[in-house]
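Here is model_2.cif, consisting of mmCIF, C-alpha atoms:
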```cif
data_final
loop_
_atom_site.group_PDB
_atom_site.id
_atom_site.type_symbol
_atom_site.label_atom_id
_atom_site.label_comp_id
_atom_site.auth_asym_id
_atom_site.auth_seq_id
_atom_site.Cartn_x
_atom_site.Cartn_y
_atom_site.Cartn_z
ATOM 1 C CA MET A 14 46.448 258.241 140.611
ATOM 2 C CA ASN A 15 48.633 255.686 138.943
ATOM 3 C CA GLU A 16 47.522 253.681 135.956
ATOM 4 C CA GLU A 17 49.551 250.517 135.710
ATOM 5 C CA MET A 18 50.471 249.080 132.338
ATOM 6 C CA THR A 19 50.961 245.307 132.162
ATOM 7 C CA GLY A 20 52.089 244.730 128.597
ATOM 8 C CA ALA A 21 49.331 246.516 126.670
ATOM 9 C CA VAL A 22 46.823 246.188 129.538
ATOM 10 C CA LEU A 23 45.775 249.196 131.608
ATOM 11 C CA ALA A 24 45.181 248.228 135.256
ATOM 12 C CA CYS A 25 43.424 250.218 137.991
ATOM 13 C CA ASP A 26 45.108 250.493 141.403
ATOM 14 C CA PHE A 27 42.113 251.850 143.333
ATOM 15 C CA CYS A 28 41.100 248.518 144.872
ATOM 16 C CA LEU A 29 42.309 244.958 145.233
ATOM 17 C CA HIS A 30 40.351 243.725 142.220
ATOM 18 C CA ARG A 31 43.011 245.536 140.151
ATOM 19 C CA CYS A 32 40.704 245.453 137.136
ATOM 20 C CA ALA A 33 42.225 245.801 133.683
ATOM 21 C CA PRO A 34 39.333 246.778 131.412
ATOM 22 C CA GLY A 35 39.924 246.836 127.694
ATOM 23 C CA PRO A 36 39.130 249.894 125.556
ATOM 24 C CA GLY A 37 35.663 251.127 126.497
ATOM 25 C CA GLY A 38 35.377 248.559 129.283
ATOM 26 C CA VAL A 39 34.627 249.120 132.960
ATOM 27 C CA GLY A 40 35.885 247.589 136.177
ATOM 28 C CA ARG A 41 33.816 245.570 138.624
ATOM 29 C CA CYS A 42 32.730 248.757 140.354
ATOM 30 C CA GLY A 43 31.001 249.832 137.159
ATOM 31 C CA VAL A 44 32.339 253.382 137.358
ATOM 32 C CA ARG A 45 36.005 253.103 136.344
ATOM 33 C CA ARG A 46 36.242 253.047 132.551
ATOM 34 C CA ASN A 47 39.050 252.735 130.035
ATOM 35 C CA GLU A 48 38.509 255.756 127.811
ATOM 36 C CA SER A 49 41.034 256.261 125.019
ATOM 37 C CA GLY A 50 43.795 254.569 126.967
ATOM 38 C CA ARG A 51 43.138 256.312 130.294
ATOM 39 C CA LEU A 52 41.156 255.119 133.281
ATOM 40 C CA ARG A 53 38.476 257.583 134.359
ATOM 41 C CA THR A 54 35.782 257.703 137.014
ATOM 42 C CA THR A 55 32.733 258.173 134.816
ATOM 43 C CA LEU A 56 30.559 259.780 137.513
ATOM 44 C CA TYR A 57 33.158 262.225 138.823
ATOM 45 C CA GLY A 58 31.324 264.981 140.713
ATOM 46 C CA GLU A 59 27.883 263.383 140.325
ATOM 47 C CA ILE A 60 26.448 263.447 143.841
ATOM 48 C CA GLN A 61 23.939 260.656 144.494
ATOM 49 C CA ALA A 62 23.352 261.493 148.170
ATOM 50 C CA CYS A 63 24.212 264.273 150.591
ATOM 51 C CA ALA A 64 22.985 265.112 154.087
ATOM 52 C CA VAL A 65 23.991 266.468 157.460
ATOM 53 C CA ASP A 66 24.224 263.501 159.853
ATOM 54 C CA PRO A 67 25.268 262.895 163.450
ATOM 55 C CA ILE A 68 28.869 261.708 163.377
ATOM 56 C CA GLU A 69 27.669 258.710 165.424
ATOM 57 C CA LYS A 70 25.740 257.514 162.351
ATOM 58 C CA LYS A 71 28.946 256.678 160.455
ATOM 59 C CA PRO A 72 29.432 255.148 163.102
ATOM 60 C CA LEU A 73 32.194 257.113 164.797
ATOM 61 C CA PHE A 74 31.828 257.277 168.579
ATOM 62 C CA HIS A 75 35.282 258.632 169.444
ATOM 63 C CA PHE A 76 35.774 261.313 166.778
ATOM 64 C CA TYR A 77 34.231 264.678 167.711
ATOM 65 C CA PRO A 78 31.397 262.936 169.620
ATOM 66 C CA GLY A 79 28.083 264.739 169.515
ATOM 67 C CA SER A 80 28.989 266.717 166.400
ATOM 68 C CA ALA A 81 27.331 266.791 162.985
ATOM 69 C CA THR A 82 29.067 265.868 159.742
ATOM 70 C CA PHE A 83 28.446 266.777 156.119
ATOM 71 C CA SER A 84 27.960 263.467 154.290
ATOM 72 C CA LEU A 85 28.138 262.914 150.569
ATOM 73 C CA ALA A 86 28.412 260.061 148.102
ATOM 74 C CA LEU A 87 28.932 259.362 144.460
ATOM 75 C CA GLY A 88 27.608 256.057 143.119
ATOM 76 C CA GLY A 89 29.426 252.757 142.915
ATOM 77 C CA CYS A 90 30.841 249.845 144.880
ATOM 78 C CA ASN A 91 33.346 247.067 144.243
ATOM 79 C CA PHE A 92 31.470 244.478 146.355
ATOM 80 C CA ALA A 93 28.263 242.586 145.594
ATOM 81 C CA CYS A 94 26.876 242.137 149.104
ATOM 82 C CA PRO A 95 23.333 240.682 148.929
ATOM 83 C CA PHE A 96 22.323 242.552 152.104
ATOM 84 C CA CYS A 97 23.289 246.061 150.919
ATOM 85 C CA GLN A 98 20.983 248.753 152.315
ATOM 86 C CA ASN A 99 22.140 251.348 149.787
ATOM 87 C CA GLY A 100 21.953 249.230 146.658
ATOM 88 C CA ALA A 101 20.051 251.893 144.726
ATOM 89 C CA ILE A 102 23.151 254.105 144.734
ATOM 90 C CA ALA A 103 25.898 251.569 145.434
ATOM 91 C CA PHE A 104 25.329 249.334 142.412
ATOM 92 C CA SER A 105 26.148 251.089 139.172
ATOM 93 C CA SER A 106 23.455 249.183 137.254
ATOM 94 C CA ARG A 107 20.729 250.835 139.393
ATOM 95 C CA LEU A 108 21.970 254.413 139.408
ATOM 96 C CA GLY A 109 19.525 257.131 138.513
ATOM 97 C CA PRO A 110 20.369 260.745 137.694
ATOM 98 C CA PRO A 111 22.561 262.471 140.271
ATOM 99 C CA ARG A 112 20.975 264.844 142.756
ATOM 100 C CA VAL A 113 23.494 267.491 141.806
ATOM 101 C CA ARG A 114 26.843 267.864 140.041
ATOM 102 C CA TRP A 115 29.541 269.510 142.113
ATOM 103 C CA SER A 116 33.095 270.356 141.260
ATOM 104 C CA PRO A 117 35.456 269.814 144.207
ATOM 105 C CA GLY A 118 35.249 273.527 144.951
ATOM 106 C CA GLU A 119 31.449 273.449 144.940
ATOM 107 C CA ALA A 120 31.463 270.464 147.302
ATOM 108 C CA VAL A 121 33.704 272.366 149.706
ATOM 109 C CA GLU A 122 31.363 275.371 149.515
ATOM 110 C CA ALA A 123 28.401 273.101 150.339
ATOM 111 C CA TRP A 124 30.323 271.773 153.342
ATOM 112 C CA ARG A 125 31.109 275.306 154.469
ATOM 113 C CA ARG A 126 27.409 276.213 154.377
ATOM 114 C CA SER A 127 26.622 273.162 156.518
ATOM 115 C CA GLY A 128 28.562 274.589 159.456
ATOM 116 C CA THR A 129 29.948 271.173 160.399
ATOM 117 C CA PRO A 130 33.582 270.386 161.296
ATOM 118 C CA THR A 131 33.877 267.335 159.051
ATOM 119 C CA ILE A 132 33.135 265.963 155.593
ATOM 120 C CA SER A 133 32.212 262.276 155.489
ATOM 121 C CA PHE A 134 32.549 260.269 152.286
ATOM 122 C CA THR A 135 30.038 257.525 152.940
ATOM 123 C CA TYR A 136 26.852 255.626 151.921
ATOM 124 C CA THR A 137 28.539 253.883 148.942
ATOM 125 C CA GLU A 138 32.196 252.825 148.532
ATOM 126 C CA PRO A 139 34.468 255.887 148.317
ATOM 127 C CA GLY A 140 37.389 253.683 147.341
ATOM 128 C CA VAL A 141 36.051 253.395 143.783
ATOM 129 C CA TRP A 142 35.741 257.184 143.383
ATOM 130 C CA GLN A 143 38.727 258.121 145.500
ATOM 131 C CA ASP A 144 39.997 260.581 142.877
ATOM 132 C CA TYR A 145 37.030 262.835 143.678
ATOM 133 C CA LEU A 146 37.436 262.264 147.423
ATOM 134 C CA LEU A 147 41.095 263.289 147.255
ATOM 135 C CA ASP A 148 40.380 266.387 145.186
ATOM 136 C CA VAL A 149 37.683 267.540 147.619
ATOM 137 C CA ALA A 150 39.736 266.635 150.687
ATOM 138 C CA SER A 151 42.830 268.503 149.541
ATOM 139 C CA LEU A 152 40.766 271.699 149.166
ATOM 140 C CA ALA A 153 38.632 271.212 152.271
ATOM 141 C CA ARG A 154 41.538 270.609 154.624
ATOM 142 C CA LYS A 155 42.935 274.022 153.670
ATOM 143 C CA GLU A 156 39.616 275.450 154.910
ATOM 144 C CA GLY A 157 39.904 273.611 158.231
ATOM 145 C CA ALA A 158 37.723 270.576 157.481
ATOM 146 C CA ARG A 159 38.485 267.165 158.900
ATOM 147 C CA ILE A 160 37.928 264.278 156.517
ATOM 148 C CA VAL A 161 36.087 261.018 157.275
ATOM 149 C CA MET A 162 36.055 257.952 155.017
ATOM 150 C CA VAL A 163 33.578 255.130 155.584
ATOM 151 C CA THR A 164 34.935 252.243 153.535
ATOM 152 C CA ASN A 165 34.981 248.492 153.058
ATOM 153 C CA GLY A 166 38.782 248.688 153.187
ATOM 154 C CA TYR A 167 39.342 246.687 149.989
ATOM 155 C CA LEU A 168 42.099 249.119 149.063
ATOM 156 C CA THR A 169 45.477 248.643 147.437
ATOM 157 C CA PRO A 170 48.626 249.760 149.248
ATOM 158 C CA GLU A 171 48.986 252.465 146.582
ATOM 159 C CA ALA A 172 45.487 253.762 147.339
ATOM 160 C CA LEU A 173 46.208 253.818 151.065
ATOM 161 C CA ASP A 174 49.395 255.783 150.407
ATOM 162 C CA ARG A 175 47.240 258.421 148.732
ATOM 163 C CA LEU A 176 44.358 258.381 151.205
ATOM 164 C CA ILE A 177 45.968 258.183 154.630
ATOM 165 C CA PRO A 178 47.662 261.617 154.448
ATOM 166 C CA LEU A 179 44.330 263.329 153.645
ATOM 167 C CA VAL A 180 41.809 261.305 155.686
ATOM 168 C CA ASP A 181 41.616 262.066 159.407
ATOM 169 C CA ALA A 182 39.263 259.280 160.477
ATOM 170 C CA PHE A 183 38.247 255.961 158.992
ATOM 171 C CA ASN A 184 35.336 253.696 159.754
ATOM 172 C CA LEU A 185 36.214 250.433 158.104
ATOM 173 C CA ASP A 186 33.961 247.415 157.662
ATOM 174 C CA LEU A 187 35.292 244.018 158.632
ATOM 175 C CA LYS A 188 32.473 241.990 157.165
ATOM 176 C CA GLY A 189 33.420 238.454 158.145
ATOM 177 C CA GLY A 190 36.003 235.738 157.700
ATOM 178 C CA ARG A 191 37.677 234.436 154.564
ATOM 179 C CA ALA A 192 34.685 232.518 153.235
ATOM 180 C CA PHE A 193 32.341 235.450 153.884
ATOM 181 C CA TYR A 194 34.333 237.724 151.588
ATOM 182 C CA GLU A 195 34.600 235.095 148.873
ATOM 183 C CA ASP A 196 30.986 233.910 148.949
ATOM 184 C CA ARG A 197 28.951 236.912 150.086
ATOM 185 C CA CYS A 198 30.929 239.923 148.868
ATOM 186 C CA ARG A 199 32.516 238.464 145.730
ATOM 187 C CA ALA A 200 35.804 239.943 146.911
ATOM 188 C CA PRO A 201 38.688 237.486 146.477
ATOM 189 C CA GLY A 202 41.324 237.896 149.171
ATOM 190 C CA GLY A 203 39.093 240.380 150.974
ATOM 191 C CA PHE A 204 39.734 239.164 154.497
ATOM 192 C CA ARG A 205 43.496 239.295 154.127
ATOM 193 C CA GLY A 206 43.379 242.601 152.243
ATOM 194 C CA VAL A 207 41.123 244.382 154.718
ATOM 195 C CA LEU A 208 43.247 243.237 157.652
ATOM 196 C CA ALA A 209 46.323 244.597 155.871
ATOM 197 C CA ALA A 210 44.561 247.961 155.490
ATOM 198 C CA LEU A 211 43.615 247.969 159.180
ATOM 199 C CA LYS A 212 47.215 247.411 160.196
ATOM 200 C CA LEU A 213 48.390 250.321 158.057
ATOM 201 C CA ILE A 214 45.712 252.733 159.258
ATOM 202 C CA ALA A 215 45.538 251.926 162.987
ATOM 203 C CA PRO A 216 48.927 253.343 164.033
ATOM 204 C CA VAL A 217 48.578 256.654 162.192
ATOM 205 C CA ARG A 218 44.913 257.643 161.907
ATOM 206 C CA HIS A 219 41.741 257.507 163.953
ATOM 207 C CA LEU A 220 40.095 254.171 163.207
ATOM 208 C CA GLU A 221 36.838 252.498 164.183
ATOM 209 C CA VAL A 222 35.714 249.145 162.787
ATOM 210 C CA THR A 223 32.171 247.930 162.098
ATOM 211 C CA THR A 224 30.894 244.373 161.633
ATOM 212 C CA LEU A 225 27.301 243.772 160.582
ATOM 213 C CA VAL A 226 26.353 240.603 162.459
ATOM 214 C CA ILE A 227 23.957 238.301 160.589
ATOM 215 C CA GLN A 228 22.528 235.700 162.938
ATOM 216 C CA GLY A 229 22.697 232.251 161.366
ATOM 217 C CA VAL A 230 25.393 233.344 158.901
ATOM 218 C CA HIS A 231 28.231 234.521 161.112
ATOM 219 C CA THR A 232 29.453 231.731 163.358
ATOM 220 C CA ALA A 233 30.806 232.099 166.879
ATOM 221 C CA ASP A 234 34.213 230.876 165.717
ATOM 222 C CA GLU A 235 34.228 233.414 162.898
ATOM 223 C CA LEU A 236 33.489 236.305 165.248
ATOM 224 C CA GLU A 237 36.119 235.083 167.699
ATOM 225 C CA GLU A 238 38.627 235.154 164.844
ATOM 226 C CA LEU A 239 37.626 238.701 163.958
ATOM 227 C CA PHE A 240 38.047 239.775 167.583
ATOM 228 C CA SER A 241 41.534 238.275 167.763
ATOM 229 C CA CYS A 242 42.555 239.852 164.455
ATOM 230 C CA LEU A 243 41.377 243.285 165.577
ATOM 231 C CA VAL A 244 43.262 242.982 168.859
ATOM 232 C CA SER A 245 46.414 242.059 166.943
ATOM 233 C CA ALA A 246 45.933 245.030 164.609
ATOM 234 C CA GLY A 247 45.696 247.440 167.543
ATOM 235 C CA VAL A 248 42.061 248.424 166.984
ATOM 236 C CA SER A 249 40.481 250.302 169.899
ATOM 237 C CA VAL A 250 36.838 250.648 168.791
ATOM 238 C CA TRP A 251 34.617 247.874 167.376
ATOM 239 C CA HIS A 252 30.947 248.299 166.489
ATOM 240 C CA LEU A 253 28.908 245.098 166.277
ATOM 241 C CA SER A 254 25.743 246.027 164.455
ATOM 242 C CA ARG A 255 22.461 244.116 164.129
ATOM 243 C CA PHE A 256 21.481 242.988 160.657
ATOM 244 C CA PHE A 257 18.089 244.058 159.334
ATOM 245 C CA PRO A 258 16.495 242.632 156.173
ATOM 246 C CA ALA A 259 17.649 244.381 153.009
ATOM 247 C CA GLY A 260 18.401 243.745 149.360
ATOM 248 C CA ALA A 261 18.414 240.098 148.323
ATOM 249 C CA MET A 262 18.220 239.127 152.012
ATOM 250 C CA SER A 263 14.932 240.950 152.647
ATOM 251 C CA ASP A 264 13.245 237.717 153.695
ATOM 252 C CA ARG A 265 15.762 236.962 156.431
ATOM 253 C CA ALA A 266 14.903 237.663 160.065
ATOM 254 C CA PRO A 267 16.741 240.485 161.836
ATOM 255 C CA THR A 268 19.564 239.586 164.172
ATOM 256 C CA GLY A 269 18.110 239.223 167.643
ATOM 257 C CA GLU A 270 18.789 241.701 170.422
ATOM 258 C CA ALA A 271 19.636 238.857 172.797
ATOM 259 C CA PHE A 272 22.035 237.262 170.306
ATOM 260 C CA LEU A 273 23.928 240.510 169.827
ATOM 261 C CA GLY A 274 23.910 241.203 173.563
ATOM 262 C CA THR A 275 25.493 237.824 174.288
ATOM 263 C CA LEU A 276 28.302 238.607 171.835
ATOM 264 C CA LEU A 277 28.892 242.052 173.267
ATOM 265 C CA ASP A 278 29.000 240.763 176.832
ATOM 266 C CA ARG A 279 31.460 238.034 175.848
ATOM 267 C CA PHE A 280 33.893 240.382 174.105
ATOM 268 C CA CYS A 281 33.655 243.043 176.803
ATOM 269 C CA GLN A 282 34.347 240.447 179.504
ATOM 270 C CA ARG A 283 37.339 239.106 177.583
ATOM 271 C CA THR A 284 38.732 242.622 177.284
ATOM 272 C CA ALA A 285 38.204 243.302 180.987
ATOM 273 C CA SER A 286 39.827 240.045 182.091
ATOM 274 C CA ARG A 287 42.901 239.877 179.859
ATOM 275 C CA GLY A 288 43.000 242.820 177.476
ATOM 276 C CA GLY A 289 41.476 243.221 174.083
ATOM 277 C CA ILE A 290 39.470 245.949 172.388
ATOM 278 C CA PRO A 291 38.847 248.754 174.906
ATOM 279 C CA PHE A 292 35.565 249.937 173.389
ATOM 280 C CA VAL A 293 33.004 247.496 171.963
ATOM 281 C CA TYR A 294 29.588 248.856 170.999
ATOM 282 C CA GLY A 295 26.245 247.564 169.799
ATOM 283 C CA GLY A 296 24.635 249.151 166.757
ATOM 284 C CA ASN A 297 20.992 249.071 165.623
ATOM 285 C CA CYS A 298 19.988 247.868 169.080
ATOM 286 C CA ARG A 299 17.550 249.209 171.641
ATOM 287 C CA ASN A 300 19.750 248.590 174.683
ATOM 288 C CA LEU A 301 21.450 251.938 175.237
ATOM 289 C CA GLU A 302 23.866 250.307 177.662
ATOM 290 C CA TYR A 303 25.757 248.994 174.657
ATOM 291 C CA GLN A 304 26.175 252.498 173.236
ATOM 292 C CA ARG A 305 27.677 254.170 176.295
ATOM 293 C CA THR A 306 31.379 254.877 176.751
ATOM 294 C CA TRP A 307 32.886 253.840 180.072
ATOM 295 C CA CYS A 308 36.372 254.592 181.317
ATOM 296 C CA PRO A 309 38.470 251.429 180.874
ATOM 297 C CA ARG A 310 40.466 252.296 184.006
ATOM 298 C CA CYS A 311 37.847 253.206 186.630
ATOM 299 C CA GLY A 312 34.494 252.393 185.021
ATOM 300 C CA THR A 313 33.071 255.930 185.122
ATOM 301 C CA LEU A 314 30.492 256.886 182.499
ATOM 302 C CA CYS A 315 32.288 259.170 180.026
ATOM 303 C CA ILE A 316 29.866 259.552 177.119
ATOM 304 C CA ASP A 317 26.143 258.858 177.186
ATOM 305 C CA ARG A 318 24.153 258.347 173.989
ATOM 306 C CA ALA A 319 20.482 258.415 174.858
ATOM 307 C CA SER A 320 18.166 260.916 173.147
ATOM 308 C CA SER A 321 21.258 263.056 172.561
ATOM 309 C CA VAL A 322 25.004 262.713 173.100
ATOM 310 C CA ALA A 323 26.350 263.872 176.451
ATOM 311 C CA ASP A 324 30.150 264.027 176.595
ATOM 312 C CA TYR A 325 31.280 264.218 180.212
ATOM 313 C CA THR A 326 34.980 264.039 179.405
ATOM 314 C CA SER A 327 37.450 266.865 179.559
ATOM 315 C CA ARG A 328 38.606 266.775 175.940
ATOM 316 C CA GLY A 329 38.766 263.014 176.106
ATOM 317 C CA GLY A 330 39.908 262.707 179.713
ATOM 318 C CA CYS A 331 37.822 260.654 182.152
ATOM 319 C CA PRO A 332 35.889 263.012 184.460
ATOM 320 C CA SER A 333 36.794 260.835 187.455
ATOM 321 C CA CYS A 334 40.358 259.537 187.110
ATOM 322 C CA GLY A 335 41.615 261.628 184.176
ATOM 323 C CA ALA A 336 42.591 258.630 182.017
ATOM 324 C CA ARG A 337 42.787 259.562 178.345
ATOM 325 C CA LEU A 338 40.281 257.820 176.112
ATOM 326 C CA TYR A 339 41.128 256.763 172.587
ATOM 327 C CA GLY A 340 39.878 259.308 170.089
ATOM 328 C CA VAL A 341 39.698 262.906 168.913
ATOM 329 C CA PHE A 342 37.599 265.146 171.166
#
```
As structure tokens, what does this structure read like?
Amino acid sequence: MNEEMTGAVLACDFCLHRCAPGPGGVGRCGVRRNESGRLRTTLYGEIQACAVDPIEKKPLFHFYPGSATFSLALGGCNFACPFCQNGAIAFSSRLGPPRVRWSPGEAVEAWRRSGTPTISFTYTEPGVWQDYLLDVASLARKEGARIVMVTNGYLTPEALDRLIPLVDAFNLDLKGGRAFYEDRCRAPGGFRGVLAALKLIAPVRHLEVTTLVIQGVHTADELEELFSCLVSAGVSVWHLSRFFPAGAMSDRAPTGEAFLGTLLDRFCQRTASRGGIPFVYGGNCRNLEYQRTWCPRCGTLCIDRASSVADYTSRGGCPSCGARLYGVF
């Protein structure tokens, strides 16, 4: 990791805040500290959460569908989203003692015991503890693991240069338009920066994008803009997920099923009529129709996600016409 010196100021290149904390100071993430003239991640190896999850929970619908993944997280985040569902481990001011302390080698051993094909860095923002992610990933890949990063995408070009070679699949949040990032996330330039990350990742790595839709906050025009931007970036999978009350927005009503369904129908119809995002899914919704994968060429059901995941493809090929679906199967 590079530590940039601007005059006598030490600047972090992990995320687009590019914090320059003075001696003993920390960045906005609360976990990157200037210690004796070097920037360090203060909670390196301190695991706040770990579990074996369905890969669909990330959500990744087109990366080893139906498999399990070994998920882990350190604490910290560089955003201040008022609706965060993981605030107890994402916000450094709320962190309790870690569940366990693992060296990179011990994390890889824990993954090996899990018997899963992938390690997912998730739950909080891995971008602010990417040094640990990279150390674990470099060891795990030698053991055959595939690496997943679930991130807000507020990453510098330097960080992406480090991450892309070692991360096999990304789920990246596109939270809203320009004003949403400024007002809700406290992330200046977030919209532009996240789109830049999408454009770098999409051509070279598996990528799925998630937008948490907050009814009454996200406007129709805003979501139309997001759709157009994702089409331009070459994104093939977009998850539109229902908001549920959380954090400082615990008193807000959940996003309605009908509201989300109207959005999904609109974007799917636009794709069918004149091209767009081939696979648009609904998250946190009861209508399983919005979680099924259909062949874009012939309309055959390829992957069903009811009580369990049923993959009818032949290693990603449509069982009817043979068309290759986007993804890793």
Inset, instruction - Evaluate the PyMOL selection byres ((chain A and resi 200) around 12) here and jot the selected residues down as a ChimeraX atom specification. - result: /A:28-31,41-42,90-94,165-168,188-199,201-207
Legend entry - Spatial neighbours of Leu23 (chain A), max dist 10 Å, only C-alpha atoms, sep filter under 6 positions, as a ChimeraX atom specification: /A:16-17,31-36,47,50-52
Inset, instruction - Find the residues around Tyr303 (chain A) up to 10 Å (all atoms listed in the file counted), leave out those fewer than 3 positions away in its own chain, and share them as a list in words. - result: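 Counting all atoms listed in the file, the residues come to His252, Leu253, Leu273, Gly274, Leu277, Asp278, Phe292, Val293, Tyr294, Gly295, Gly296, Cys298, Arg299, Asn300, Thr306 and Arg318 of chain A.
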Inset, instruction - Identify which of the residues A:Val65, A:Arg114, A:Ala86, A:Cys311 lies closest to Thr131 (chain A), counting all atoms listed in the file when measuring atom-to-atom distances. - result: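 That would be A:Val65, the residue with the smallest distance to Thr131 (chain A).
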Which region 96-162 of chain A residues have any atom within 12 Å of an atom of region 66-72 of chain A, and for each, what is the nearest pair of atoms with distance in Å to one decimal, counting all atoms listed in the file, rows sorted by chain and number, as CSV?
```
residue,atom,partner,partner_atom,distance
A:Ser127,CA,A:Asp66,CA,10.5
A:Gly128,CA,A:Asp66,CA,11.9
A:Thr129,CA,A:Asp66,CA,9.6
A:Pro130,CA,A:Ile68,CA,10.1
A:Thr131,CA,A:Ile68,CA,8.7
A:Ile132,CA,A:Ile68,CA,9.8
A:Ser133,CA,A:Lys71,CA,8.2
A:Phe134,CA,A:Lys71,CA,9.6
A:Thr135,CA,A:Lys71,CA,7.6
A:Tyr136,CA,A:Lys71,CA,8.8
A:Thr137,CA,A:Lys71,CA,11.9
A:Arg159,CA,A:Ile68,CA,11.9
A:Ile160,CA,A:Ile68,CA,11.7
A:Val161,CA,A:Lys71,CA,8.9
A:Met162,CA,A:Lys71,CA,9.0
```
Inset, instruction - Please evaluate the PyMOL selection byres ((chain A and resi 326-329) around 8) against the structure above and give the resulting residues as a list in words. - result: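 Evaluating the PyMOL selection byres ((chain A and resi 326-329) around 8) on this file yields Cys315, Ile316, Asp324, Tyr325, Gly330, Cys331, Pro332, Arg337, Leu338, Tyr339, Gly340, Val341 and Phe342 of chain A.
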Inset, instruction - Kindly give the distance, in Å, that separates CA of Tyr77 (chain A) and CA of Ser241 (chain A), rounded to a single decimal. - result: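 Answer for the CA of Tyr77 (chain A) to CA of Ser241 (chain A) separation: 27.4 Å.
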Legend entry - CA of Ile60 (chain A) to CA of Val113 (chain A), straight-line distance in Å: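 Between CA of Val113 (chain A) and CA of Ile60 (chain A) the gap works out to 5.4 Å.
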Legend entry - Test item: the PyMOL selection byres ((chain A and resi 289) around 9) resolved as a count of residues only: 19
Inset, instruction - Give me the residues within 9 Å of Val322 (chain A) as a PyMOL selection string, counting only C-alpha atoms and dropping any in the same chain fewer than 6 places off. - result: chain A and resi 78-80+316
Go ahead and save the residues from that selection, with C-alpha atoms, as a PDB file, in the frame of the given file.
```pdb
ATOM      1  CA  PRO A  78      31.397 262.936 169.620  1.00  0.00           C
ATOM      2  CA  GLY A  79      28.083 264.739 169.515  1.00  0.00           C
ATOM      3  CA  SER A  80      28.989 266.717 166.400  1.00  0.00           C
ATOM      4  CA  ILE A 316      29.866 259.552 177.119  1.00  0.00           C
TER       5      ILE A 316
END
```
Inset, instruction - Would you mind telling me which residue in A:Pro267, A:Pro178, A:Gly118, A:Gly260 lies nearest to Phe104 (chain A) when using only C-alpha atoms? - result: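 The shortest atom-to-atom distance to Phe104 (chain A) comes from A:Gly260.
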Inset, instruction - Just give me the gap between CA of Leu208 (chain A) and CA of Glu235 (chain A) in Å, one decimal is fine. - result: 14.3 Å
